[in-house]
$ cat input32.pdb   # PDB, C-alpha atoms
ATOM      1  CA  MET O1335      -0.001  11.468   3.268
ATOM      2  CA  ALA O1336       0.687  10.580  -0.337
ATOM      3  CA  LYS O1337      -1.121   8.335  -2.795
ATOM      4  CA  TYR O1338       0.617   5.097  -3.720
ATOM      5  CA  TYR O1339      -0.301   2.554  -6.376
ATOM      6  CA  ASN O1340       0.875  -0.998  -6.735
ATOM      7  CA  TYR O1341       0.013  -3.894  -9.031
ATOM      8  CA  SER O1342      -0.479  -7.390  -7.707
ATOM      9  CA  THR O1343      -2.460 -10.573  -8.274
ATOM     10  CA  ILE O1344      -5.281 -12.258  -6.418
ATOM     11  CA  GLU O1345      -5.380 -16.007  -6.892
ATOM     12  CA  THR O1346      -7.989 -18.529  -5.747
ATOM     13  CA  ASP O1347      -8.559 -22.164  -6.677
ATOM     14  CA  ASP O1348     -10.964 -21.026  -9.423
ATOM     15  CA  TRP O1349      -9.442 -17.897 -10.927
ATOM     16  CA  ILE O1350      -6.540 -15.448 -11.081
ATOM     17  CA  VAL O1351      -6.932 -11.710 -11.601
ATOM     18  CA  ASP O1352      -4.462  -8.823 -11.724
ATOM     19  CA  VAL O1353      -5.376  -5.911  -9.467
ATOM     20  CA  GLU O1354      -4.361  -2.308  -8.964
ATOM     21  CA  VAL O1355      -4.055  -1.437  -5.273
ATOM     22  CA  GLU O1356      -4.524   2.190  -4.223
ATOM     23  CA  ALA O1357      -3.320   3.348  -0.814
ATOM     24  CA  ASP O1358      -2.556   6.403   1.284
ATOM     25  CA  GLY O1359       0.719   6.341   3.117
ATOM     26  CA  GLY O1360       3.601   8.219   4.561
ATOM     27  CA  TYR O1361       6.204   8.377   7.261
ATOM     28  CA  ASP O1362       5.118   9.617  10.689
ATOM     29  CA  GLY O1363       8.522  10.932  11.745
ATOM     30  CA  ILE O1364       9.282  14.573  12.429
ATOM     31  CA  GLY O1365      12.192  14.756   9.998
ATOM     32  CA  SER O1366      15.162  16.976  10.787
ATOM     33  CA  TYR O1367      15.438  18.302  14.315
ATOM     34  CA  GLU O1368      17.883  19.873  16.718
ATOM     35  CA  PHE O1369      17.801  19.302  20.477
ATOM     36  CA  TRP O1370      20.321  21.054  22.735
ATOM     37  CA  GLY O1371      22.838  21.280  19.919
ATOM     38  CA  PHE O1372      22.348  17.686  18.726
ATOM     39  CA  LYS O1373      21.187  17.479  15.120
ATOM     40  CA  GLY O1374      19.248  14.418  14.133
ATOM     41  CA  TYR O1375      16.742  13.026  11.687
ATOM     42  CA  ASP O1376      13.666  10.998  12.618
ATOM     43  CA  LYS O1377      12.178   9.232   9.615
ATOM     44  CA  GLY O1378       9.560   7.453  11.728
ATOM     45  CA  HIS O1379       7.612   4.468  10.497
ATOM     46  CA  PHE O1380       5.848   4.079   7.180
ATOM     47  CA  ASN O1381       2.080   3.838   7.647
ATOM     48  CA  LEU O1382      -0.019   2.553   4.782
ATOM     49  CA  ASN O1383      -3.785   2.331   4.425
ATOM     50  CA  VAL O1384      -5.165   0.424   1.427
ATOM     51  CA  GLU O1385      -8.198   2.294   0.137
ATOM     52  CA  ASP O1386      -9.158   0.417  -3.003
ATOM     53  CA  ILE O1387      -8.464  -2.847  -4.810
ATOM     54  CA  LYS O1388      -9.407  -2.604  -8.496
ATOM     55  CA  PRO O1389      -9.448  -5.750 -10.623
ATOM     56  CA  GLN O1390      -7.966  -5.421 -14.096
ATOM     57  CA  PHE O1391     -10.409  -7.505 -16.117
ATOM     58  CA  ALA O1392      -9.322  -9.068 -19.393
ATOM     59  CA  GLY O1393     -12.000 -11.092 -21.126
ATOM     60  CA  GLU O1394     -13.997 -12.329 -18.104
ATOM     61  CA  THR O1395     -17.731 -12.811 -18.444
ATOM     62  CA  GLU O1396     -20.120 -10.630 -16.429
ATOM     63  CA  GLU O1397     -20.755 -13.575 -14.102
ATOM     64  CA  GLU O1398     -17.012 -14.050 -13.516
ATOM     65  CA  LYS O1399     -16.580 -10.308 -12.916
ATOM     66  CA  ASN O1400     -19.372 -10.352 -10.340
ATOM     67  CA  VAL O1401     -17.802 -13.332  -8.534
ATOM     68  CA  ILE O1402     -14.414 -11.573  -8.416
ATOM     69  CA  LEU O1403     -15.909  -8.268  -7.237
ATOM     70  CA  LYS O1404     -17.904 -10.072  -4.531
ATOM     71  CA  TYR O1405     -14.758 -11.923  -3.396
ATOM     72  CA  ILE O1406     -12.817  -8.647  -3.123
ATOM     73  CA  GLU O1407     -15.689  -6.995  -1.238
ATOM     74  CA  ASP O1408     -16.116  -9.917   1.184
ATOM     75  CA  ASN O1409     -12.359 -10.273   1.828
ATOM     76  CA  PHE O1410     -11.244  -6.644   1.560
ATOM     77  CA  ASP O1411      -9.685  -6.366   5.042
ATOM     78  CA  THR O1412      -7.717  -9.610   4.666
ATOM     79  CA  LEU O1413      -6.510  -8.689   1.172
ATOM     80  CA  ALA O1414      -5.621  -5.136   2.245
ATOM     81  CA  LYS O1415      -3.549  -6.429   5.159
ATOM     82  CA  LYS O1416      -1.708  -8.854   2.840
ATOM     83  CA  PHE O1417      -0.919  -6.068   0.370
ATOM     84  CA  GLU O1418       0.197  -3.711   3.174
ATOM     85  CA  GLU O1419       2.579  -6.360   4.572
ATOM     86  CA  ASN O1420       4.153  -6.978   1.159
ATOM     87  CA  TRP O1421       4.373  -3.342   0.014
ATOM     88  CA  ASP O1422       7.775  -2.071  -1.112
ATOM     89  CA  PHE O1423       7.974   1.162   0.909
ATOM     90  CA  PRO O1424       9.857   4.140  -0.497
ATOM     91  CA  GLU O1425      12.735   5.324   1.668
ATOM     92  CA  PRO O1426      12.524   8.983   2.687
ATOM     93  CA  ASP O1427      15.255  11.358   1.591
ATOM     94  CA  GLU O1428      17.456  12.315   4.504
ATOM     95  CA  PRO O1429      18.901  15.796   4.461
ATOM     96  CA  PRO O1430      22.642  16.128   3.718
ATOM     97  CA  ASP O1431      25.069  16.722   6.595
ATOM     98  CA  ARG O1432      25.716  20.435   6.969
ATOM     99  CA  ASP O1433      28.558  20.324   9.451
TER     100      ASP O1433
END

$ encode --input "input32.pdb" --output "structure tokens"
Amino acid sequence: MAKYYNYSTIETDDWIVDVEVEADGGYDGIGSYEFWGFKGYDKGHFNLNVEDIKPQFAGETEEEKNVILKYIEDNFDTLAKKFEENWDFPEPDEPPDRD
């Protein structure tokens, strides 16, 4: 698995904050293979697991920071799922044809 980083925004009725999202991810495929003379490539599916959501504070008071941090903590699973669904996955490099 590789580390991936993405920047996004969390917005509520009361505030907006930019966040850095850190995740582990990778394709679960086996890659290049040969089976009874057939050569193929299995890229699999991209699996992503959000590990951390870090707010990028810019001038908020300590009280506002605490409210934002509490919101992220209380809603981490929901936010992580939203970020995972909207992630721009990198495409794996397929090997060149060697025929």

$ atom_distance --input "input32.pdb" --atom1 "CA of Asn1383 (chain O)" --atom2 "CA of Glu1354 (chain O)"
14.2 Å

$ resolve_selection --input "input32.pdb" --expression "the PyMOL selection byres ((chain O and resi 1398-1405) around 10)" --output "VMD selection string"
chain O and resid 1344 1346 1349 to 1351 1387 to 1397 1406 to 1410 1413

$ residues_around --input "input32.pdb" --residues "Asp1422 (chain O)" --least-positions-apart "3" --cutoff "9 Å" --atoms "all atoms listed in the file" --output "PyMOL selection string"
chain O and resi 1340+1418-1419

$ write_last_selection --input "input32.pdb" --atoms "C-alpha atoms" --output "compact mmCIF listing (two decimals), keeping the file's coordinate frame"
# COMPACT_ATOMS: atom_id res chain seq x y z
CA ASN O 1340 0.88 -1.00 -6.74
CA GLU O 1418 0.20 -3.71 3.17
CA GLU O 1419 2.58 -6.36 4.57

$ residues_around --input "input32.pdb" --residues "Phe1417 (chain O)" --least-positions-apart "2" --cutoff "9 Å" --atoms "all atoms listed in the file" --output "list in words"
Asn1340, Ser1342, Val1355, Val1384, Thr1412, Leu1413, Ala1414, Lys1415, Glu1419, Asn1420 and Trp1421 of chain O

$ atom_distance --input "input32.pdb" --atom1 "CA of Asn1381 (chain O)" --atom2 "CA of Glu1356 (chain O)"
13.7 Å

$ atom_distance --input "input32.pdb" --atom1 "CA of Gly1365 (chain O)" --atom2 "CA of His1379 (chain O)"
11.3 Å
